[in-house]
Amino acid sequence: MGGGGGFDLKGLARARHQQGGGCPFSALVKGDAPTTSSGNGKVVARRGSERRRPPGPPGGAFGREALRVVASLTLDGVPKTTLKLAQEYGDAIAFENPVGLGDAAGWTFLSSPDDIEHVSASNCNNYRERFLPDSYAFATDGKGILATGGEYNRRHRSLCQPSFQKKSLLASFADVVTESTEGLKRQWEESAASCSGVDGVAIDLPLHMQRLTLDIIGSVAFSHDFGQVAECGREMRGEKSERPSTLVQAVNHFGEALAEVFVTPMPILRVLEAIRYPSVTKLRSSLGTIHSEMRTIIEGRRAEYESGTNHTDDLLDSLMRARDENGDPLTTQELFEDVHDIMGAGHETTATTLSALIYSITRHKHVMMKIKEELGRVLGGRVPTFEDLNELEYTEMVVKEVLRLYPSIPIFPRVAAGDDYLPSGYYVPKGEVVFMSSYAMGRLDRLWEDPEVFDPERFAPEMEAKRHRYAFVPFGAGPRMCLGAKFAMLSLKLVTATLLQGDFDLEVCSPTDAVLDIDWDITMNFKKTNGIKVALR
Ligand code: HEM
């Protein structure tokens, strides 16, 4: 993977060597450590013990090394920087925050499975809150699931979670996935059949996957057809594009505007709003449009319920029927907030993973052959269903290998509610922001043999059984784990199984790297178009 332009850590290695190979930058802070929790979640008294901090950049928060790390974050992006840090410093690294930026005590980056298990699961009560940039709370008014915490998050999660766990609902979502993908497959087949040139028809894979997943999430969430797969067909036939619907435009504008102001702190966002700064105005107006369009849909659905004419069975229906422990339903406003949040969380993440998935399969001919063999054996040309999922074992191994190399949310951060000690022995003070990097974990050679090699066999059941459960965490872990993980896995497998049974051959046009040097945009999703083009023949 690309490492250009980043920070040079030779100085660190030298310093480590001079100090006898240990961990030279660990700060030892003497003091009365408060009562804290052990790796298995039990409370242990650590009074009088040394508060050993993870290593940090020599020279402190304002030293040259720290500045180089900041430069790397800007130039290489957060995921690649976390990998470099993990390779150079080991399982944990801490940055102090002497000026109290963002109210964080400091920032710790973790990449050891034991520490990840401790923070995300076994001692999760100390790390319930997610750390997200202010822009997210600004855009969602502090509502929804992703950016909230405490009792609010618990109530909404518990109301929304059953929709992504109930077998009957997942089975009907699976039908939506295959139906939309069949639509795209037909467009691809028609284009391939009508193309006489030897080079085939080149398609912009990320764009097609974005459109496919928007159609899927629209149908699953509230039985709405965004008409994006049809747009792929029109484009491929060289027909005039249809003007996108108001809702599609608003969804796209919202994503663009959020990316533009993603790392802007709240006070500045407020000022930008007051002076009607274009990105903030775009954010507000697109959200207003999504809100009013979806409110109309939600109110229409309520009216159907009341008149007994409702025939849909989607996420919105499921949430309308849901009741909390007091028997209260979600209000119309809450329904909007949760459905919108879930759509946002599930759309681009799945689209970008699918791009990396189809690319990787197409690029590795032996993988393509093995998947096709499995599809032929299990499905024999028919459309896959929910019941087939368990049989598609090799396809699942390939999906997991793609998630290892290209987790579309590469980092999942938490805030420490109280002082704590990690299984690695390091001290975490209250208020510390703890970053867990699934990207770094997926590419460390202390966790994977030849991590840069694309090899689905590492996810064969016997190989998985030997591995630490928390070495592979593309969906995060613990009580804040991805709500849609099952649905995402189901979608990734079914889209692959449907498309690869199409009457066309797929060939990579560009790029040609075995492992993609993917860039993440500021919102932590892969950049929209990474120049991935495949040809249909
Ligand atoms: C390949 C696709 C996806 C990936 C890699 C992914 C990954 C993640 C990750 C890493 C988190 C943070 C977990 C943590 O902090 O422990 C997350 C949260 C979340 N995801 Fe996904 N996700 C995907 C698809 C989806 C889908 C399809 C949906 C729903 C339809 C969804 C809904 C959510 C929600 C609601 C949260 C917030 C949960 C909370 O804060 O309590 N995700 N996802």
# chains A, B, ... in the order shown; residues from 1 in each chain; ligands from 1

$ residues_around --residues "Val201 (chain A)" --least-positions-apart "3" --cutoff "10 Å" --atoms "only C-alpha atoms" --output "tab-separated table (two decimals) with N, CA and C atoms, in the first residue's frame"
chain	number	residue	atom	x	y	z
A	188	TRP	N	-26.43	-4.97	-17.54
A	188	TRP	CA	-25.06	-5.35	-17.92
A	188	TRP	C	-25.11	-6.36	-19.07
A	191	SER	N	-25.98	-4.73	-22.40
A	191	SER	CA	-24.86	-3.96	-22.93
A	191	SER	C	-23.79	-4.86	-23.49
A	192	ALA	N	-23.50	-5.94	-22.74
A	192	ALA	CA	-22.45	-6.86	-23.21
A	192	ALA	C	-22.88	-7.49	-24.54
A	193	ALA	N	-24.18	-7.83	-24.66
A	193	ALA	CA	-24.66	-8.51	-25.87
A	193	ALA	C	-24.64	-7.57	-27.07
A	194	SER	N	-24.89	-6.28	-26.81
A	194	SER	CA	-24.98	-5.37	-27.96
A	194	SER	C	-23.62	-4.77	-28.33
A	195	CYS	N	-22.58	-5.17	-27.60
A	195	CYS	CA	-21.27	-4.57	-27.88
A	195	CYS	C	-20.49	-5.47	-28.84
A	196	SER	N	-20.06	-4.92	-29.96
A	196	SER	CA	-19.34	-5.75	-30.93
A	196	SER	C	-17.83	-5.63	-30.78
A	197	GLY	N	-17.35	-4.56	-30.17
A	197	GLY	CA	-15.90	-4.34	-30.04
A	197	GLY	C	-15.23	-5.38	-29.15
A	198	VAL	N	-13.95	-5.64	-29.38
A	198	VAL	CA	-13.25	-6.64	-28.57
A	198	VAL	C	-13.00	-6.17	-27.14
A	236	MET	N	-25.80	3.36	-20.12
A	236	MET	CA	-25.08	2.37	-20.93
A	236	MET	C	-25.62	2.31	-22.35
A	506	LEU	N	-16.26	-10.53	-16.86
A	506	LEU	CA	-15.78	-9.28	-16.27
A	506	LEU	C	-14.26	-9.24	-16.37
A	507	GLU	N	-13.76	-8.12	-16.77
A	507	GLU	CA	-12.30	-7.96	-16.89
A	507	GLU	C	-11.93	-6.62	-16.29
A	533	LYS	N	-12.43	0.63	-13.11
A	533	LYS	CA	-13.25	0.37	-14.29
A	533	LYS	C	-13.15	-1.11	-14.63
A	534	VAL	N	-14.30	-1.74	-14.87
A	534	VAL	CA	-14.26	-3.11	-15.36
A	534	VAL	C	-14.95	-3.16	-16.70
A	535	ALA	N	-14.52	-4.11	-17.54
A	535	ALA	CA	-15.15	-4.24	-18.86
A	535	ALA	C	-16.08	-5.43	-18.86
A	536	LEU	N	-17.23	-5.27	-19.51
A	536	LEU	CA	-18.17	-6.37	-19.68
A	536	LEU	C	-17.99	-6.91	-21.08
A	537	ARG	N	-17.85	-8.22	-21.17
A	537	ARG	CA	-17.74	-8.79	-22.52
A	537	ARG	C	-18.78	-9.86	-22.69

$ closest_atom_pairs --of "chain A" --to "ligand 1" --cutoff "8 Å" --atoms "only C-alpha atoms and all ligand atoms" --output "JSON lines"
{"residue": "A:Ser120", "atom": "CA", "partner": "ligand 1", "partner_atom_place_in_ligand_line": "16 (O)", "distance": 6.7}
{"residue": "A:Arg130", "atom": "CA", "partner": "ligand 1", "partner_atom_place_in_ligand_line": "15 (O)", "distance": 6.6}
{"residue": "A:Ile145", "atom": "CA", "partner": "ligand 1", "partner_atom_place_in_ligand_line": "40 (O)", "distance": 5.2}
{"residue": "A:Leu146", "atom": "CA", "partner": "ligand 1", "partner_atom_place_in_ligand_line": "40 (O)", "distance": 3.8}
{"residue": "A:Ala147", "atom": "CA", "partner": "ligand 1", "partner_atom_place_in_ligand_line": "40 (O)", "distance": 6.5}
{"residue": "A:Thr148", "atom": "CA", "partner": "ligand 1", "partner_atom_place_in_ligand_line": "40 (O)", "distance": 7.0}
{"residue": "A:Gly149", "atom": "CA", "partner": "ligand 1", "partner_atom_place_in_ligand_line": "40 (O)", "distance": 7.8}
{"residue": "A:Asn153", "atom": "CA", "partner": "ligand 1", "partner_atom_place_in_ligand_line": "41 (O)", "distance": 6.7}
{"residue": "A:Arg154", "atom": "CA", "partner": "ligand 1", "partner_atom_place_in_ligand_line": "41 (O)", "distance": 7.8}
{"residue": "A:Arg157", "atom": "CA", "partner": "ligand 1", "partner_atom_place_in_ligand_line": "41 (O)", "distance": 6.1}
{"residue": "A:Phe164", "atom": "CA", "partner": "ligand 1", "partner_atom_place_in_ligand_line": "30 (C)", "distance": 7.7}
{"residue": "A:Ile217", "atom": "CA", "partner": "ligand 1", "partner_atom_place_in_ligand_line": "30 (C)", "distance": 7.0}
{"residue": "A:Asp341", "atom": "CA", "partner": "ligand 1", "partner_atom_place_in_ligand_line": "35 (C)", "distance": 6.5}
{"residue": "A:Ile342", "atom": "CA", "partner": "ligand 1", "partner_atom_place_in_ligand_line": "35 (C)", "distance": 4.7}
{"residue": "A:Met343", "atom": "CA", "partner": "ligand 1", "partner_atom_place_in_ligand_line": "30 (C)", "distance": 5.9}
{"residue": "A:Gly344", "atom": "CA", "partner": "ligand 1", "partner_atom_place_in_ligand_line": "32 (C)", "distance": 7.9}
{"residue": "A:Ala345", "atom": "CA", "partner": "ligand 1", "partner_atom_place_in_ligand_line": "32 (C)", "distance": 4.7}
{"residue": "A:Gly346", "atom": "CA", "partner": "ligand 1", "partner_atom_place_in_ligand_line": "26 (C)", "distance": 3.3}
{"residue": "A:His347", "atom": "CA", "partner": "ligand 1", "partner_atom_place_in_ligand_line": "27 (C)", "distance": 6.4}
{"residue": "A:Glu348", "atom": "CA", "partner": "ligand 1", "partner_atom_place_in_ligand_line": "2 (C)", "distance": 7.9}
{"residue": "A:Thr349", "atom": "CA", "partner": "ligand 1", "partner_atom_place_in_ligand_line": "2 (C)", "distance": 4.5}
{"residue": "A:Thr350", "atom": "CA", "partner": "ligand 1", "partner_atom_place_in_ligand_line": "2 (C)", "distance": 4.1}
{"residue": "A:Ala351", "atom": "CA", "partner": "ligand 1", "partner_atom_place_in_ligand_line": "1 (C)", "distance": 7.6}
{"residue": "A:Thr352", "atom": "CA", "partner": "ligand 1", "partner_atom_place_in_ligand_line": "1 (C)", "distance": 7.7}
{"residue": "A:Thr353", "atom": "CA", "partner": "ligand 1", "partner_atom_place_in_ligand_line": "1 (C)", "distance": 5.4}
{"residue": "A:Leu354", "atom": "CA", "partner": "ligand 1", "partner_atom_place_in_ligand_line": "1 (C)", "distance": 7.8}
{"residue": "A:Leu403", "atom": "CA", "partner": "ligand 1", "partner_atom_place_in_ligand_line": "5 (C)", "distance": 6.8}
{"residue": "A:Pro407", "atom": "CA", "partner": "ligand 1", "partner_atom_place_in_ligand_line": "5 (C)", "distance": 5.3}
{"residue": "A:Ser408", "atom": "CA", "partner": "ligand 1", "partner_atom_place_in_ligand_line": "5 (C)", "distance": 4.8}
{"residue": "A:Ile409", "atom": "CA", "partner": "ligand 1", "partner_atom_place_in_ligand_line": "10 (C)", "distance": 4.9}
{"residue": "A:Pro410", "atom": "CA", "partner": "ligand 1", "partner_atom_place_in_ligand_line": "10 (C)", "distance": 6.6}
{"residue": "A:Ile411", "atom": "CA", "partner": "ligand 1", "partner_atom_place_in_ligand_line": "10 (C)", "distance": 6.5}
{"residue": "A:Phe412", "atom": "CA", "partner": "ligand 1", "partner_atom_place_in_ligand_line": "15 (O)", "distance": 4.5}
{"residue": "A:Pro413", "atom": "CA", "partner": "ligand 1", "partner_atom_place_in_ligand_line": "15 (O)", "distance": 6.4}
{"residue": "A:Arg414", "atom": "CA", "partner": "ligand 1", "partner_atom_place_in_ligand_line": "15 (O)", "distance": 7.4}
{"residue": "A:Ser438", "atom": "CA", "partner": "ligand 1", "partner_atom_place_in_ligand_line": "10 (C)", "distance": 7.9}
{"residue": "A:Val473", "atom": "CA", "partner": "ligand 1", "partner_atom_place_in_ligand_line": "10 (C)", "distance": 7.4}
{"residue": "A:Pro474", "atom": "CA", "partner": "ligand 1", "partner_atom_place_in_ligand_line": "5 (C)", "distance": 5.4}
{"residue": "A:Phe475", "atom": "CA", "partner": "ligand 1", "partner_atom_place_in_ligand_line": "10 (C)", "distance": 3.9}
{"residue": "A:Gly476", "atom": "CA", "partner": "ligand 1", "partner_atom_place_in_ligand_line": "16 (O)", "distance": 3.3}
{"residue": "A:Ala477", "atom": "CA", "partner": "ligand 1", "partner_atom_place_in_ligand_line": "16 (O)", "distance": 4.3}
{"residue": "A:Gly478", "atom": "CA", "partner": "ligand 1", "partner_atom_place_in_ligand_line": "16 (O)", "distance": 6.1}
{"residue": "A:Pro479", "atom": "CA", "partner": "ligand 1", "partner_atom_place_in_ligand_line": "41 (O)", "distance": 6.8}
{"residue": "A:Arg480", "atom": "CA", "partner": "ligand 1", "partner_atom_place_in_ligand_line": "41 (O)", "distance": 4.0}
{"residue": "A:Met481", "atom": "CA", "partner": "ligand 1", "partner_atom_place_in_ligand_line": "16 (O)", "distance": 3.6}
{"residue": "A:Cys482", "atom": "CA", "partner": "ligand 1", "partner_atom_place_in_ligand_line": "18 (C)", "distance": 3.5}
{"residue": "A:Leu483", "atom": "CA", "partner": "ligand 1", "partner_atom_place_in_ligand_line": "33 (C)", "distance": 4.4}
{"residue": "A:Gly484", "atom": "CA", "partner": "ligand 1", "partner_atom_place_in_ligand_line": "28 (C)", "distance": 3.6}
{"residue": "A:Ala485", "atom": "CA", "partner": "ligand 1", "partner_atom_place_in_ligand_line": "25 (C)", "distance": 5.7}
{"residue": "A:Lys486", "atom": "CA", "partner": "ligand 1", "partner_atom_place_in_ligand_line": "27 (C)", "distance": 8.0}
{"residue": "A:Phe487", "atom": "CA", "partner": "ligand 1", "partner_atom_place_in_ligand_line": "27 (C)", "distance": 5.6}
{"residue": "A:Ala488", "atom": "CA", "partner": "ligand 1", "partner_atom_place_in_ligand_line": "27 (C)", "distance": 4.3}
{"residue": "A:Met489", "atom": "CA", "partner": "ligand 1", "partner_atom_place_in_ligand_line": "1 (C)", "distance": 6.9}
{"residue": "A:Ser491", "atom": "CA", "partner": "ligand 1", "partner_atom_place_in_ligand_line": "27 (C)", "distance": 7.9}
{"residue": "A:Leu492", "atom": "CA", "partner": "ligand 1", "partner_atom_place_in_ligand_line": "1 (C)", "distance": 7.3}

$ residues_around --residues "region 445-452 of chain A" --least-positions-apart "6" --cutoff "9 Å" --atoms "only C-alpha atoms" --output "PyMOL selection string"
chain A and resi 1+87+112+405+458+467+471+514-515

$ select_by_dssp --residues "region 288-520 of chain A" --states "alpha helix (DSSP H)" --output "PyMOL selection string"
chain A and resi 288-307+315-321+332-363+365-378+393-405+438-442+461-466+485-499

$ closest_residue --among "A:Ala303, A:Ile216, A:Ile298, A:Leu422" --to "Thr332 (chain A)" --atoms "only C-alpha atoms"
A:Ile298

$ closest_atom_pairs --of "region 99-199 of chain A" --to "region 250-269 of chain A" --cutoff "9 Å" --atoms "only C-alpha atoms" --output "CSV"
residue,atom,partner,partner_atom,distance
A:Gly102,CA,A:Pro265,CA,8.1
A:Pro133,CA,A:Val263,CA,5.8
A:Asp134,CA,A:Met266,CA,5.4
A:Ser135,CA,A:Phe262,CA,5.3
A:Tyr136,CA,A:Phe262,CA,7.3
A:Ala137,CA,A:Met266,CA,8.7
A:Phe138,CA,A:Met266,CA,7.1
A:Ala139,CA,A:Leu258,CA,7.5

$ closest_atom_pairs --of "region 443-465 of chain A" --to "region 384-401 of chain A" --cutoff "9 Å" --atoms "only C-alpha atoms" --output "JSON lines"
{"residue": "A:Phe454", "atom": "CA", "partner": "A:Glu401", "partner_atom": "CA", "distance": 7.0}
{"residue": "A:Asp455", "atom": "CA", "partner": "A:Glu401", "partner_atom": "CA", "distance": 6.8}
{"residue": "A:Pro456", "atom": "CA", "partner": "A:Val398", "partner_atom": "CA", "distance": 4.9}
{"residue": "A:Glu457", "atom": "CA", "partner": "A:Met397", "partner_atom": "CA", "distance": 6.9}
{"residue": "A:Arg458", "atom": "CA", "partner": "A:Glu401", "partner_atom": "CA", "distance": 7.7}
{"residue": "A:Phe459", "atom": "CA", "partner": "A:Met397", "partner_atom": "CA", "distance": 5.2}
{"residue": "A:Ala460", "atom": "CA", "partner": "A:Met397", "partner_atom": "CA", "distance": 6.6}
{"residue": "A:Pro461", "atom": "CA", "partner": "A:Met397", "partner_atom": "CA", "distance": 8.9}

$ write_last_selection --atoms "C-alpha atoms" --output "PDB file, in the first residue's frame"
ATOM      1  CA  PHE A 454      -5.345 -11.319  -1.204  1.00  0.00           C
ATOM      2  CA  ASP A 455      -6.074 -14.811   0.060  1.00  0.00           C
ATOM      3  CA  PRO A 456      -9.652 -15.816   1.001  1.00  0.00           C
ATOM      4  CA  GLU A 457      -8.359 -19.151   2.353  1.00  0.00           C
ATOM      5  CA  ARG A 458      -7.389 -17.401   5.595  1.00  0.00           C
ATOM      6  CA  PHE A 459     -11.112 -17.349   6.360  1.00  0.00           C
ATOM      7  CA  ALA A 460     -11.577 -21.110   5.964  1.00  0.00           C
ATOM      8  CA  PRO A 461     -13.400 -22.279   9.127  1.00  0.00           C
TER       9      PRO A 461
END

$ atom_distance --atom1 "CA of Arg404 (chain A)" --atom2 "CA of Tyr439 (chain A)"
7.2 Å

$ residues_around --residues "Lys372 (chain A)" --least-positions-apart "6" --cutoff "9 Å" --atoms "only C-alpha atoms" --output "ChimeraX atom specification"
/A:497,500-501

$ decode --residues "region 171-252 of chain A" --atoms "C-alpha atoms" --output "short mmCIF file (atom, residue, chain, number, x, y, z; two decimals), in the first residue's frame"
data_model
loop_
_atom_site.label_atom_id
_atom_site.label_comp_id
_atom_site.auth_asym_id
_atom_site.auth_seq_id
_atom_site.Cartn_x
_atom_site.Cartn_y
_atom_site.Cartn_z
CA ALA A 171 -35.42 -13.07 4.21
CA SER A 172 -37.68 -10.45 2.66
CA PHE A 173 -34.78 -7.95 2.60
CA ALA A 174 -32.76 -10.64 0.80
CA ASP A 175 -35.42 -10.76 -1.95
CA VAL A 176 -35.14 -6.98 -2.35
CA VAL A 177 -31.36 -7.30 -2.72
CA THR A 178 -31.56 -9.97 -5.42
CA GLU A 179 -34.40 -8.23 -7.26
CA SER A 180 -32.46 -4.94 -7.52
CA THR A 181 -29.27 -6.78 -8.47
CA GLU A 182 -31.10 -8.81 -11.13
CA GLY A 183 -32.16 -5.43 -12.58
CA LEU A 184 -28.53 -4.31 -12.81
CA LYS A 185 -27.43 -7.69 -14.13
CA ARG A 186 -29.96 -7.42 -16.97
CA GLN A 187 -28.62 -3.96 -17.89
CA TRP A 188 -25.06 -5.35 -17.92
CA GLU A 189 -26.12 -8.36 -20.02
CA GLU A 190 -27.90 -6.20 -22.61
CA SER A 191 -24.86 -3.96 -22.93
CA ALA A 192 -22.45 -6.86 -23.21
CA ALA A 193 -24.66 -8.51 -25.87
CA SER A 194 -24.98 -5.37 -27.96
CA CYS A 195 -21.27 -4.57 -27.88
CA SER A 196 -19.34 -5.75 -30.93
CA GLY A 197 -15.90 -4.34 -30.04
CA VAL A 198 -13.25 -6.64 -28.57
CA ASP A 199 -12.68 -4.32 -25.63
CA GLY A 200 -16.20 -4.77 -24.30
CA VAL A 201 -18.13 -2.08 -22.43
CA ALA A 202 -16.22 -0.30 -19.69
CA ILE A 203 -18.25 0.54 -16.62
CA ASP A 204 -17.52 2.79 -13.68
CA LEU A 205 -17.84 0.15 -10.98
CA PRO A 206 -18.08 2.42 -7.89
CA LEU A 207 -20.81 4.49 -9.57
CA HIS A 208 -22.86 1.39 -10.42
CA MET A 209 -22.45 0.01 -6.90
CA GLN A 210 -23.47 3.35 -5.35
CA ARG A 211 -26.60 3.37 -7.46
CA LEU A 212 -27.43 -0.26 -6.81
CA THR A 213 -27.10 0.11 -3.04
CA LEU A 214 -29.15 3.32 -3.00
CA ASP A 215 -31.98 1.44 -4.73
CA ILE A 216 -31.60 -1.46 -2.28
CA ILE A 217 -31.55 0.69 0.86
CA GLY A 218 -34.51 2.78 -0.41
CA SER A 219 -36.61 -0.36 -0.98
CA VAL A 220 -35.56 -2.02 2.27
CA ALA A 221 -36.03 1.12 4.36
CA PHE A 222 -39.34 2.42 3.07
CA SER A 223 -40.26 0.60 -0.17
CA HIS A 224 -39.05 3.53 -2.25
CA ASP A 225 -37.55 3.11 -5.72
CA PHE A 226 -34.82 5.69 -6.27
CA GLY A 227 -34.61 4.52 -9.92
CA GLN A 228 -30.82 4.46 -9.92
CA VAL A 229 -30.30 1.05 -11.54
CA ALA A 230 -32.56 2.16 -14.40
CA GLU A 231 -30.29 5.21 -14.75
CA CYS A 232 -27.27 2.87 -15.19
CA GLY A 233 -29.15 1.21 -18.07
CA ARG A 234 -30.02 4.52 -19.74
CA GLU A 235 -26.40 5.63 -19.52
CA MET A 236 -25.08 2.37 -20.93
CA ARG A 237 -27.49 2.57 -23.87
CA GLY A 238 -26.40 6.17 -24.49
CA GLU A 239 -29.92 7.46 -23.77
CA LYS A 240 -30.68 10.81 -22.21
CA SER A 241 -30.46 10.75 -18.40
CA GLU A 242 -33.57 11.46 -16.40
CA ARG A 243 -33.37 14.35 -14.00
CA PRO A 244 -32.77 12.80 -10.55
CA SER A 245 -35.73 13.03 -8.20
CA THR A 246 -35.73 15.74 -5.54
CA LEU A 247 -35.03 13.07 -2.92
CA VAL A 248 -32.03 11.58 -4.79
CA GLN A 249 -30.56 15.05 -5.30
CA ALA A 250 -31.05 15.87 -1.63
CA VAL A 251 -29.44 12.59 -0.51
CA ASN A 252 -26.42 13.27 -2.75
#
